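Visitor: I am sharing upload13.cif, which consists of mmCIF, C-alpha atoms:
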data_input
loop_
_atom_site.group_PDB
_atom_site.id
_atom_site.type_symbol
_atom_site.label_atom_id
_atom_site.label_comp_id
_atom_site.auth_asym_id
_atom_site.auth_seq_id
_atom_site.Cartn_x
_atom_site.Cartn_y
_atom_site.Cartn_z
ATOM 1 C CA MET F 52 -138.309 -55.008 70.052
ATOM 2 C CA ILE F 53 -138.257 -58.250 72.089
ATOM 3 C CA GLY F 54 -137.402 -60.184 68.932
ATOM 4 C CA GLU F 55 -134.458 -57.872 68.225
ATOM 5 C CA LEU F 56 -133.163 -58.155 71.815
ATOM 6 C CA LEU F 57 -133.454 -61.933 71.634
ATOM 7 C CA LEU F 58 -131.530 -61.979 68.346
ATOM 8 C CA ARG F 59 -128.806 -59.799 69.909
ATOM 9 C CA PHE F 60 -128.654 -62.119 72.940
ATOM 10 C CA VAL F 61 -128.319 -65.279 70.850
ATOM 11 C CA VAL F 62 -125.817 -63.859 68.320
ATOM 12 C CA GLY F 63 -123.706 -62.308 71.115
ATOM 13 C CA GLY F 64 -123.823 -65.497 73.182
ATOM 14 C CA VAL F 65 -122.801 -67.692 70.248
ATOM 15 C CA VAL F 66 -119.866 -65.501 69.118
ATOM 16 C CA VAL F 67 -118.549 -65.076 72.688
ATOM 17 C CA SER F 68 -118.836 -68.847 73.302
ATOM 18 C CA VAL F 69 -116.922 -69.685 70.102
ATOM 19 C CA PHE F 70 -113.989 -67.435 71.073
ATOM 20 C CA ALA F 71 -114.064 -68.739 74.673
ATOM 21 C CA MET F 72 -113.907 -72.308 73.343
ATOM 22 C CA LEU F 73 -110.996 -71.427 71.030
ATOM 23 C CA GLY F 74 -109.163 -69.890 73.991
ATOM 24 C CA GLY F 75 -109.782 -73.049 76.030
ATOM 25 C CA ALA F 76 -108.383 -75.253 73.275
ATOM 26 C CA VAL F 77 -104.843 -73.817 73.215
ATOM 27 C CA LYS F 78 -101.907 -73.566 75.572
ATOM 28 C CA PRO F 79 -99.856 -72.023 77.145
ATOM 29 C CA LYS F 80 -102.156 -69.955 79.342
ATOM 30 C CA SER F 81 -100.724 -66.605 78.259
ATOM 31 C CA PHE F 82 -101.553 -67.465 74.609
ATOM 32 C CA ALA F 83 -105.052 -68.660 75.560
ATOM 33 C CA GLY F 84 -105.497 -65.297 77.296
ATOM 34 C CA LEU F 85 -105.353 -63.523 73.920
ATOM 35 C CA PHE F 86 -108.847 -64.915 73.275
ATOM 36 C CA GLY F 87 -110.078 -63.229 76.468
ATOM 37 C CA ALA F 88 -109.726 -59.980 74.523
ATOM 38 C CA ALA F 89 -111.202 -61.258 71.256
ATOM 39 C CA PRO F 90 -113.565 -58.889 69.412
ATOM 40 C CA SER F 91 -116.531 -61.202 70.107
ATOM 41 C CA VAL F 92 -119.126 -58.662 71.320
ATOM 42 C CA ALA F 93 -117.940 -56.248 68.609
ATOM 43 C CA LEU F 94 -118.412 -58.790 65.781
ATOM 44 C CA ALA F 95 -121.969 -59.545 66.945
ATOM 45 C CA THR F 96 -122.928 -55.918 67.615
ATOM 46 C CA LEU F 97 -121.374 -54.375 64.490
ATOM 47 C CA THR F 98 -123.087 -56.950 62.252
ATOM 48 C CA LEU F 99 -126.519 -56.238 63.757
ATOM 49 C CA THR F 100 -125.912 -52.460 63.892
ATOM 50 C CA VAL F 101 -124.877 -52.180 60.227
ATOM 51 C CA MET F 102 -127.961 -54.167 59.178
ATOM 52 C CA LYS F 103 -130.290 -51.922 61.180
ATOM 53 C CA LYS F 104 -128.660 -48.466 61.318
ATOM 54 C CA GLY F 105 -126.011 -48.377 58.597
ATOM 55 C CA SER F 106 -122.238 -48.394 58.461
ATOM 56 C CA SER F 107 -121.681 -44.729 59.464
ATOM 57 C CA TYR F 108 -123.456 -45.366 62.795
ATOM 58 C CA ALA F 109 -121.355 -48.522 63.324
ATOM 59 C CA ALA F 110 -118.159 -46.579 62.482
ATOM 60 C CA ILE F 111 -118.941 -44.139 65.337
ATOM 61 C CA GLU F 112 -119.327 -47.136 67.669
ATOM 62 C CA SER F 113 -115.988 -48.515 66.439
ATOM 63 C CA ARG F 114 -114.261 -45.181 67.144
ATOM 64 C CA SER F 115 -115.451 -45.332 70.782
ATOM 65 C CA MET F 116 -114.440 -48.973 70.954
ATOM 66 C CA VAL F 117 -110.788 -47.859 70.595
ATOM 67 C CA LEU F 118 -111.150 -46.182 74.013
ATOM 68 C CA GLY F 119 -113.048 -49.145 75.483
ATOM 69 C CA ALA F 120 -110.224 -51.454 74.353
ATOM 70 C CA LEU F 121 -107.629 -49.160 75.918
ATOM 71 C CA ALA F 122 -109.606 -49.303 79.191
ATOM 72 C CA PHE F 123 -109.681 -53.131 78.848
ATOM 73 C CA PHE F 124 -105.866 -53.072 78.582
ATOM 74 C CA PHE F 125 -105.569 -51.124 81.885
ATOM 75 C CA TYR F 126 -108.056 -53.532 83.499
ATOM 76 C CA ALA F 127 -106.324 -56.731 82.300
ATOM 77 C CA TRP F 128 -102.867 -55.427 83.247
ATOM 78 C CA LEU F 129 -104.045 -54.512 86.763
ATOM 79 C CA VAL F 130 -105.839 -57.866 87.210
ATOM 80 C CA SER F 131 -102.688 -59.712 86.126
ATOM 81 C CA TYR F 132 -100.482 -57.633 88.445
ATOM 82 C CA LEU F 133 -102.700 -58.268 91.489
ATOM 83 C CA LEU F 134 -103.271 -61.989 90.853
ATOM 84 C CA MET F 135 -99.551 -62.651 90.383
ATOM 85 C CA ARG F 136 -98.348 -60.580 93.357
ATOM 86 C CA ARG F 137 -101.094 -60.464 95.991
ATOM 87 C CA ARG F 138 -103.126 -63.075 97.857
ATOM 88 C CA VAL F 139 -106.473 -61.996 96.465
ATOM 89 C CA ASP F 140 -109.652 -63.865 95.549
ATOM 90 C CA VAL F 141 -109.855 -64.290 91.759
ATOM 91 C CA LEU F 142 -113.590 -63.804 91.197
ATOM 92 C CA ARG F 143 -113.881 -60.903 93.672
ATOM 93 C CA THR F 144 -110.821 -59.117 92.218
ATOM 94 C CA THR F 145 -111.800 -59.503 88.560
ATOM 95 C CA ALA F 146 -115.405 -58.461 89.276
ATOM 96 C CA LEU F 147 -114.546 -55.464 91.515
ATOM 97 C CA LEU F 148 -111.940 -54.186 89.077
ATOM 98 C CA LEU F 149 -114.631 -53.813 86.404
ATOM 99 C CA VAL F 150 -115.058 -50.423 88.126
ATOM 100 C CA VAL F 151 -111.551 -49.589 86.830
ATOM 101 C CA TRP F 152 -112.718 -50.403 83.286
ATOM 102 C CA ILE F 153 -115.813 -48.210 83.669
ATOM 103 C CA ALA F 154 -113.824 -45.304 85.164
ATOM 104 C CA SER F 155 -111.071 -45.549 82.517
ATOM 105 C CA ALA F 156 -113.506 -45.891 79.613
ATOM 106 C CA LEU F 157 -115.658 -42.952 80.742
ATOM 107 C CA GLY F 158 -112.572 -40.865 81.577
ATOM 108 C CA LEU F 159 -111.052 -41.483 78.130
ATOM 109 C CA TRP F 160 -114.435 -40.805 76.502
ATOM 110 C CA LEU F 161 -114.741 -37.446 78.297
ATOM 111 C CA LEU F 162 -111.141 -36.571 77.425
ATOM 112 C CA PHE F 163 -111.303 -37.407 73.706
ATOM 113 C CA LEU F 164 -114.959 -37.491 72.651
ATOM 114 C CA GLY F 165 -116.986 -35.683 75.310
ATOM 115 C CA MET P 119 -92.499 -71.723 74.491
ATOM 116 C CA SER P 120 -94.536 -73.193 71.625
ATOM 117 C CA VAL P 121 -98.294 -72.996 71.109
ATOM 118 C CA LYS P 122 -100.168 -76.316 71.365
ATOM 119 C CA LEU P 123 -103.715 -77.604 71.188
ATOM 120 C CA ASN P 124 -105.247 -78.415 74.581
ATOM 121 C CA ILE P 125 -108.336 -80.502 73.788
ATOM 122 C CA GLU P 126 -108.359 -81.988 77.299
ATOM 123 C CA SER P 127 -109.196 -78.570 78.737
ATOM 124 C CA VAL P 128 -112.231 -78.273 76.424
ATOM 125 C CA ARG P 129 -113.451 -81.690 77.614
ATOM 126 C CA GLU P 130 -112.950 -80.658 81.270
ATOM 127 C CA THR P 131 -115.288 -77.694 80.874
ATOM 128 C CA LYS P 132 -118.840 -78.507 81.983
ATOM 129 C CA TRP P 133 -121.921 -77.530 79.977
ATOM 130 C CA ASN P 134 -123.067 -75.080 82.674
ATOM 131 C CA GLU P 135 -119.712 -73.264 82.394
ATOM 132 C CA TYR P 136 -120.279 -72.834 78.647
ATOM 133 C CA ALA P 137 -123.861 -71.743 79.383
ATOM 134 C CA LYS P 138 -122.564 -69.080 81.782
ATOM 135 C CA ARG P 139 -120.259 -67.628 79.108
ATOM 136 C CA PHE P 140 -123.060 -67.753 76.532
ATOM 137 C CA ALA P 141 -125.370 -65.849 78.914
ATOM 138 C CA PHE P 142 -122.748 -63.201 79.793
ATOM 139 C CA GLY P 143 -121.915 -62.692 76.103
ATOM 140 C CA GLY P 144 -125.585 -62.388 75.201
ATOM 141 C CA VAL P 145 -126.332 -59.936 78.011
ATOM 142 C CA VAL P 146 -123.392 -57.648 77.127
ATOM 143 C CA THR P 147 -124.367 -57.614 73.444
ATOM 144 C CA VAL P 148 -127.932 -56.656 74.413
ATOM 145 C CA LEU P 149 -126.643 -53.988 76.837
ATOM 146 C CA ALA P 150 -124.302 -52.488 74.221
ATOM 147 C CA GLY P 151 -127.276 -52.094 71.875
ATOM 148 C CA LEU P 152 -129.530 -50.610 74.558
ATOM 149 C CA ILE P 153 -126.852 -48.134 75.691
ATOM 150 C CA ALA P 154 -126.284 -47.025 72.068
ATOM 151 C CA ASP P 155 -130.062 -46.558 71.632
ATOM 152 C CA LYS P 156 -130.348 -44.493 74.840
ATOM 153 C CA TRP P 157 -127.095 -42.443 74.843
ATOM 154 C CA GLY P 158 -125.939 -42.682 71.229
ATOM 155 C CA PRO P 159 -123.306 -44.741 69.345
ATOM 156 C CA ALA P 160 -120.337 -42.773 70.760
ATOM 157 C CA MET P 161 -121.209 -44.003 74.274
ATOM 158 C CA GLY P 162 -122.512 -47.447 73.231
ATOM 159 C CA GLY P 163 -119.299 -48.193 71.334
ATOM 160 C CA LEU P 164 -117.278 -48.217 74.569
ATOM 161 C CA PHE P 165 -119.140 -51.371 75.620
ATOM 162 C CA LEU P 166 -118.024 -53.312 72.525
ATOM 163 C CA ALA P 167 -114.806 -53.798 74.515
ATOM 164 C CA PHE P 168 -116.364 -54.418 77.948
ATOM 165 C CA PRO P 169 -114.574 -57.323 79.687
ATOM 166 C CA ALA P 170 -117.867 -58.935 80.669
ATOM 167 C CA ILE P 171 -116.956 -62.599 80.560
ATOM 168 C CA PHE P 172 -113.493 -62.026 82.005
ATOM 169 C CA PRO P 173 -114.380 -62.602 85.705
ATOM 170 C CA ALA P 174 -116.230 -65.836 84.843
ATOM 171 C CA SER P 175 -113.362 -67.092 82.637
ATOM 172 C CA ALA P 176 -110.666 -66.196 85.178
ATOM 173 C CA SER P 177 -112.465 -67.914 88.049
ATOM 174 C CA LEU P 178 -113.007 -70.981 85.841
ATOM 175 C CA ILE P 179 -109.269 -71.185 85.064
ATOM 176 C CA GLU P 180 -108.434 -70.769 88.757
ATOM 177 C CA LYS P 181 -110.906 -73.563 89.642
ATOM 178 C CA HIS P 182 -109.541 -75.999 87.023
ATOM 179 C CA GLU P 183 -105.905 -75.409 88.031
ATOM 180 C CA ARG P 184 -106.725 -75.628 91.756
ATOM 181 C CA GLU P 185 -108.636 -78.920 91.271
ATOM 182 C CA LYS P 186 -105.760 -80.371 89.207
ATOM 183 C CA LYS P 187 -103.306 -79.691 92.064
ATOM 184 C CA GLU P 188 -105.710 -80.908 94.739
ATOM 185 C CA ARG P 189 -106.156 -84.238 92.891
ATOM 186 C CA VAL P 190 -102.464 -84.946 93.561
ATOM 187 C CA GLY P 191 -102.789 -83.803 97.174
ATOM 188 C CA ALA P 192 -101.196 -80.369 96.797
ATOM 189 C CA ASN P 193 -102.585 -76.965 97.723
ATOM 190 C CA GLY P 194 -103.698 -75.501 94.395
ATOM 191 C CA ARG P 195 -104.749 -72.027 95.512
ATOM 192 C CA LEU P 196 -101.512 -70.284 94.607
ATOM 193 C CA ARG P 197 -101.213 -72.212 91.319
ATOM 194 C CA GLY P 198 -104.838 -71.398 90.414
ATOM 195 C CA ARG P 199 -104.454 -67.695 91.121
ATOM 196 C CA HIS P 200 -101.167 -67.565 89.218
ATOM 197 C CA ALA P 201 -102.729 -69.302 86.171
ATOM 198 C CA ALA P 202 -105.555 -66.731 86.134
ATOM 199 C CA GLY P 203 -102.938 -63.954 86.381
ATOM 200 C CA VAL P 204 -100.979 -65.353 83.418
ATOM 201 C CA GLU P 205 -104.203 -65.550 81.377
ATOM 202 C CA ALA P 206 -104.948 -61.905 82.289
ATOM 203 C CA ALA P 207 -101.482 -60.922 81.029
ATOM 204 C CA GLY P 208 -102.377 -62.661 77.753
ATOM 205 C CA ALA P 209 -105.649 -60.720 77.631
ATOM 206 C CA ALA P 210 -103.709 -57.452 78.064
ATOM 207 C CA MET P 211 -101.674 -58.398 74.961
ATOM 208 C CA GLY P 212 -104.920 -59.317 73.169
ATOM 209 C CA CYS P 213 -106.198 -55.811 73.979
ATOM 210 C CA ILE P 214 -103.514 -54.313 71.738
ATOM 211 C CA GLY P 215 -105.046 -56.398 68.946
ATOM 212 C CA LEU P 216 -108.506 -55.229 70.023
ATOM 213 C CA ILE P 217 -107.403 -51.590 69.680
ATOM 214 C CA ALA P 218 -106.112 -52.392 66.157
ATOM 215 C CA PHE P 219 -109.443 -54.133 65.320
ATOM 216 C CA SER P 220 -111.471 -51.086 66.329
ATOM 217 C CA VAL P 221 -109.229 -48.626 64.432
ATOM 218 C CA VAL P 222 -109.613 -50.721 61.244
ATOM 219 C CA ALA P 223 -113.406 -51.010 61.694
ATOM 220 C CA TRP P 224 -113.726 -47.255 62.414
ATOM 221 C CA LYS P 225 -111.696 -46.244 59.344
ATOM 222 C CA ILE P 226 -113.015 -48.653 56.692
ATOM 223 C CA LEU P 227 -116.622 -49.446 57.696
ATOM 224 C CA PRO P 228 -118.111 -46.504 55.747
ATOM 225 C CA ARG P 229 -116.261 -47.479 52.530
ATOM 226 C CA PHE P 230 -116.272 -51.292 52.432
ATOM 227 C CA ALA P 231 -118.878 -54.059 52.708
ATOM 228 C CA LEU P 232 -119.595 -55.309 56.238
ATOM 229 C CA TRP P 233 -118.098 -58.763 55.638
ATOM 230 C CA GLU P 234 -114.930 -57.290 54.109
ATOM 231 C CA THR P 235 -114.503 -54.973 57.087
ATOM 232 C CA LEU P 236 -115.056 -57.696 59.686
ATOM 233 C CA VAL P 237 -112.747 -60.197 57.946
ATOM 234 C CA LEU P 238 -109.960 -57.604 57.615
ATOM 235 C CA ALA P 239 -110.414 -56.240 61.165
ATOM 236 C CA THR P 240 -110.432 -59.760 62.663
ATOM 237 C CA ALA P 241 -107.303 -60.667 60.682
ATOM 238 C CA VAL P 242 -105.615 -57.500 61.991
ATOM 239 C CA TRP P 243 -106.715 -58.407 65.560
ATOM 240 C CA SER P 244 -105.237 -61.906 65.340
ATOM 241 C CA ILE P 245 -101.970 -60.846 63.644
ATOM 242 C CA THR P 246 -101.440 -57.997 66.143
ATOM 243 C CA ALA P 247 -102.344 -60.034 69.248
ATOM 244 C CA VAL P 248 -100.256 -63.069 68.218
ATOM 245 C CA GLY P 249 -97.407 -60.786 67.083
ATOM 246 C CA VAL P 250 -97.311 -58.991 70.451
ATOM 247 C CA TRP P 251 -97.370 -62.386 72.228
ATOM 248 C CA PHE P 252 -94.418 -63.715 70.196
ATOM 249 C CA ILE P 253 -92.407 -60.497 70.691
ATOM 250 C CA ARG P 254 -92.966 -60.735 74.458
ATOM 251 C CA GLN P 255 -91.888 -64.400 74.460
ATOM 252 C CA ARG P 256 -88.675 -63.433 72.678
ATOM 253 C CA LEU P 257 -87.939 -60.627 75.146
ATOM 254 C CA LEU P 258 -88.449 -62.780 78.266
#
Hey, can you dump this file as structure tokens for me?

Guide:
Amino acid sequence: MIGELLLRFVVGGVVVSVFAMLGGAVKPKSFAGLFGAAPSVALATLTLTVMKKGSSYAAIESRSMVLGALAFFFYAWLVSYLLMRRRVDVLRTTALLLVVWIASALGLWLLFLG
Amino acid sequence: MSVKLNIESVRETKWNEYAKRFAFGGVVTVLAGLIADKWGPAMGGLFLAFPAIFPASASLIEKHEREKKERVGANGRLRGRHAAGVEAAGAAMGCIGLIAFSVVAWKILPRFALWETLVLATAVWSITAVGVWFIRQRLL
């Protein structure tokens, strides 16, 4: 169990870091932002999930990920709107608005899959 | 506006900032697995698109832009916040690609090999995200 968690941690960390580095290596900023929504956690998780639980299980996760990605869109749009138009603290705003992602993701899940 | 390499920005990033992103990425991947184990894959799948490293990345961009302005004696707060906002707008466009990635993975995972699925889904993510970005550039 610990070994599996450690493997997940390392694989997830590596894939996320690679995409973050790619995003940091390009400009303009709006283009670099595309890498902020790269499928990094998905690539790591789906690989490990298919190996352990099979592709049908991973396909169910991917179906829910559609809703998670839609919630990410609402979150990123709202963050962008507030940072460009209001005098808000960046870290506090982006961290507090994660509640919007959770509420949107769970709301969409209840609406379509619950 | 054309896309260019920005190697200087990679050099500016300190090792502890990379370590922070590595840790956030690792933790979210672990959490996604634990949530799927506890509440099932339909709930766990939501977290494959959790914007976990976004706050850390946005505050890093704000810090770099603010410091750049302050080095020439200007107040960089507004510039830093604006840069983070522009990057968030880019992430919103990337999310359209992320939706396309997950639809492809959902539909073809049961029928194709894992590597084929991930290569195709990642290609669809990049084409969609970059396509949306270019369309928006044209419209502005």

Visitor: With a distance cut-off of 12 Å and all atoms listed in the file, select the neighbouring residues of Gln255 (chain P), excluding the residue or stretch itself and same-chain residues fewer than 2 positions from it, and output the selection as a short mmCIF file (atom, residue, chain, number, x, y, z; two decimals) with C-alpha atoms, in the coordinates of the input.

Guide:
data_model
loop_
_atom_site.label_atom_id
_atom_site.label_comp_id
_atom_site.auth_asym_id
_atom_site.auth_seq_id
_atom_site.Cartn_x
_atom_site.Cartn_y
_atom_site.Cartn_z
CA PRO F 79 -99.86 -72.02 77.14
CA SER F 81 -100.72 -66.60 78.26
CA PHE F 82 -101.55 -67.46 74.61
CA MET P 119 -92.50 -71.72 74.49
CA SER P 120 -94.54 -73.19 71.62
CA VAL P 121 -98.29 -73.00 71.11
CA GLY P 208 -102.38 -62.66 77.75
CA MET P 211 -101.67 -58.40 74.96
CA VAL P 248 -100.26 -63.07 68.22
CA GLY P 249 -97.41 -60.79 67.08
CA VAL P 250 -97.31 -58.99 70.45
CA TRP P 251 -97.37 -62.39 72.23
CA PHE P 252 -94.42 -63.72 70.20
CA ILE P 253 -92.41 -60.50 70.69
CA LEU P 257 -87.94 -60.63 75.15
CA LEU P 258 -88.45 -62.78 78.27
#

Visitor: Once the PyMOL selection byres ((chain P and resi 196-201) around 8) has been applied to the shown file, what residues remain in the selection, as a PyMOL selection string?

Guide: (chain F and resi 80+134-135+140-141) or (chain P and resi 179-184+187+193-195+202-205)

Visitor: Please build the interface table for region 147-229 of chain P against region 115-132 of chain F with a cut-off of 9 Å, listing for each qualifying residue the nearest atom pair and the distance in Å to one decimal; count all atoms listed in the file, order rows by chain and increasing number, and write it as CSV.

Guide:
residue,atom,partner,partner_atom,distance
P:Pro159,CA,F:Ser115,CA,8.0
P:Ala160,CA,F:Ser115,CA,5.5
P:Met161,CA,F:Ser115,CA,6.9
P:Gly162,CA,F:Ser115,CA,7.8
P:Gly163,CA,F:Ser115,CA,4.8
P:Leu164,CA,F:Gly119,CA,4.4
P:Phe165,CA,F:Gly119,CA,6.5
P:Leu166,CA,F:Met116,CA,5.8
P:Ala167,CA,F:Gly119,CA,5.1
P:Phe168,CA,F:Gly119,CA,6.7
P:Pro169,CA,F:Phe123,CA,6.5
P:Phe172,CA,F:Ala127,CA,8.9
P:His200,CA,F:Ser131,CA,8.6
P:Ala202,CA,F:Ser131,CA,7.6
P:Gly203,CA,F:Ser131,CA,4.3
P:Val204,CA,F:Ser131,CA,6.5
P:Glu205,CA,F:Ser131,CA,7.7
P:Ala206,CA,F:Ser131,CA,5.0
P:Ala207,CA,F:Ser131,CA,5.4
P:Gly208,CA,F:Ala127,CA,8.5
P:Ala209,CA,F:Ala127,CA,6.2
P:Ala210,CA,F:Phe124,CA,4.9
P:Met211,CA,F:Phe124,CA,7.7
P:Gly212,CA,F:Phe124,CA,8.3
P:Cys213,CA,F:Phe124,CA,5.4
P:Ile214,CA,F:Phe124,CA,7.3
P:Gly215,CA,F:Ala120,CA,9.0
P:Leu216,CA,F:Ala120,CA,6.0
P:Ile217,CA,F:Val117,CA,5.1
P:Ala218,CA,F:Val117,CA,7.9
P:Phe219,CA,F:Val117,CA,8.3
P:Ser220,CA,F:Val117,CA,5.4
P:Val221,CA,F:Val117,CA,6.4
P:Trp224,CA,F:Val117,CA,8.7

Visitor: If you count all atoms listed in the file, which residues fall within 12 Å of region 226-241 of chain P, apart from same-chain ones fewer than 2 positions away, as an mmCIF file with C-alpha atoms, in the frame of the given file?

Guide:
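Produced file result_12.cif, reproduced below:
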data_model
loop_
_atom_site.group_PDB
_atom_site.id
_atom_site.type_symbol
_atom_site.label_atom_id
_atom_site.label_comp_id
_atom_site.auth_asym_id
_atom_site.auth_seq_id
_atom_site.Cartn_x
_atom_site.Cartn_y
_atom_site.Cartn_z
ATOM 1 C CA PHE F 70 -113.989 -67.435 71.073
ATOM 2 C CA PHE F 86 -108.847 -64.915 73.275
ATOM 3 C CA ALA F 88 -109.726 -59.980 74.523
ATOM 4 C CA ALA F 89 -111.202 -61.258 71.256
ATOM 5 C CA PRO F 90 -113.565 -58.889 69.412
ATOM 6 C CA SER F 91 -116.531 -61.202 70.107
ATOM 7 C CA ALA F 93 -117.940 -56.248 68.609
ATOM 8 C CA LEU F 94 -118.412 -58.790 65.781
ATOM 9 C CA ALA F 95 -121.969 -59.545 66.945
ATOM 10 C CA THR F 96 -122.928 -55.918 67.615
ATOM 11 C CA LEU F 97 -121.374 -54.375 64.490
ATOM 12 C CA THR F 98 -123.087 -56.950 62.252
ATOM 13 C CA LEU F 99 -126.519 -56.238 63.757
ATOM 14 C CA THR F 100 -125.912 -52.460 63.892
ATOM 15 C CA VAL F 101 -124.877 -52.180 60.227
ATOM 16 C CA MET F 102 -127.961 -54.167 59.178
ATOM 17 C CA GLY F 105 -126.011 -48.377 58.597
ATOM 18 C CA SER F 106 -122.238 -48.394 58.461
ATOM 19 C CA SER F 107 -121.681 -44.729 59.464
ATOM 20 C CA TYR F 108 -123.456 -45.366 62.795
ATOM 21 C CA ALA F 109 -121.355 -48.522 63.324
ATOM 22 C CA ALA F 110 -118.159 -46.579 62.482
ATOM 23 C CA ILE F 111 -118.941 -44.139 65.337
ATOM 24 C CA GLU F 112 -119.327 -47.136 67.669
ATOM 25 C CA SER F 113 -115.988 -48.515 66.439
ATOM 26 C CA ARG F 114 -114.261 -45.181 67.144
ATOM 27 C CA GLY P 212 -104.920 -59.317 73.169
ATOM 28 C CA GLY P 215 -105.046 -56.398 68.946
ATOM 29 C CA LEU P 216 -108.506 -55.229 70.023
ATOM 30 C CA ILE P 217 -107.403 -51.590 69.680
ATOM 31 C CA ALA P 218 -106.112 -52.392 66.157
ATOM 32 C CA PHE P 219 -109.443 -54.133 65.320
ATOM 33 C CA SER P 220 -111.471 -51.086 66.329
ATOM 34 C CA VAL P 221 -109.229 -48.626 64.432
ATOM 35 C CA VAL P 222 -109.613 -50.721 61.244
ATOM 36 C CA ALA P 223 -113.406 -51.010 61.694
ATOM 37 C CA TRP P 224 -113.726 -47.255 62.414
ATOM 38 C CA TRP P 243 -106.715 -58.407 65.560
ATOM 39 C CA SER P 244 -105.237 -61.906 65.340
ATOM 40 C CA ILE P 245 -101.970 -60.846 63.644
ATOM 41 C CA THR P 246 -101.440 -57.997 66.143
ATOM 42 C CA ALA P 247 -102.344 -60.034 69.248
ATOM 43 C CA VAL P 248 -100.256 -63.069 68.218
ATOM 44 C CA GLY P 249 -97.407 -60.786 67.083
#

Visitor: List the residues selected by the PyMOL selection byres ((chain P and resi 171) around 8) in the file shown, writing them as number ranges by chain.

Guide: P: 139, 142-143, 169-170, 172-175

Visitor: What does the structure give for the distance between CA of Phe140 (chain P) and CA of Val67 (chain F), in Å to one decimal?

Guide: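 Taking CA of Phe140 (chain P) and CA of Val67 (chain F), their separation equals 6.5 Å.
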
Visitor: Between P:Ala176, P:Ala154, P:Val242, P:Ala141, single out the one closest to Ala146 (chain F), counting all atoms listed in the file.

Guide: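 Closest residue, counting all atoms listed in the file: P:Ala176.
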
Visitor: Taking into account all atoms listed in the file, which residue in the set P:Lys132, P:Val148, P:Glu185, P:Gly191 is nearest to chain F?

Guide: P:Val148

Visitor: Between CA of Leu152 (chain P) and CA of Ile153 (chain F), what is the distance, to one decimal in Å?

Guide: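 That distance, rounded to one decimal, is 16.6 Å.
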
Visitor: Taking all atoms of region 122-133 of chain F that appear in the file, build a box with edges along x, y and z, extend it by 8 Å on every side, and state its centre and edge lengths in Å to one decimal, as JSON.

Guide:
{"center_x": -105.1, "center_y": -54.5, "center_z": 85.0, "size_x": 25.2, "size_y": 26.4, "size_z": 28.9}

Visitor: Please determine the residues with any atom at most 9 Å from (-129.1, -59.8, 73.0) (coordinates as given in the file, with all atoms listed in the file counting) and report them as a ChimeraX atom specification.

Guide: /F:55-64 /P:143-151

Visitor: Record the distance separating CA of Arg138 (chain F) and CA of Gly87 (chain F), expressed in Å with one decimal.

Guide: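 Value for the CA of Arg138 (chain F)-CA of Gly87 (chain F) distance: 22.5 Å.
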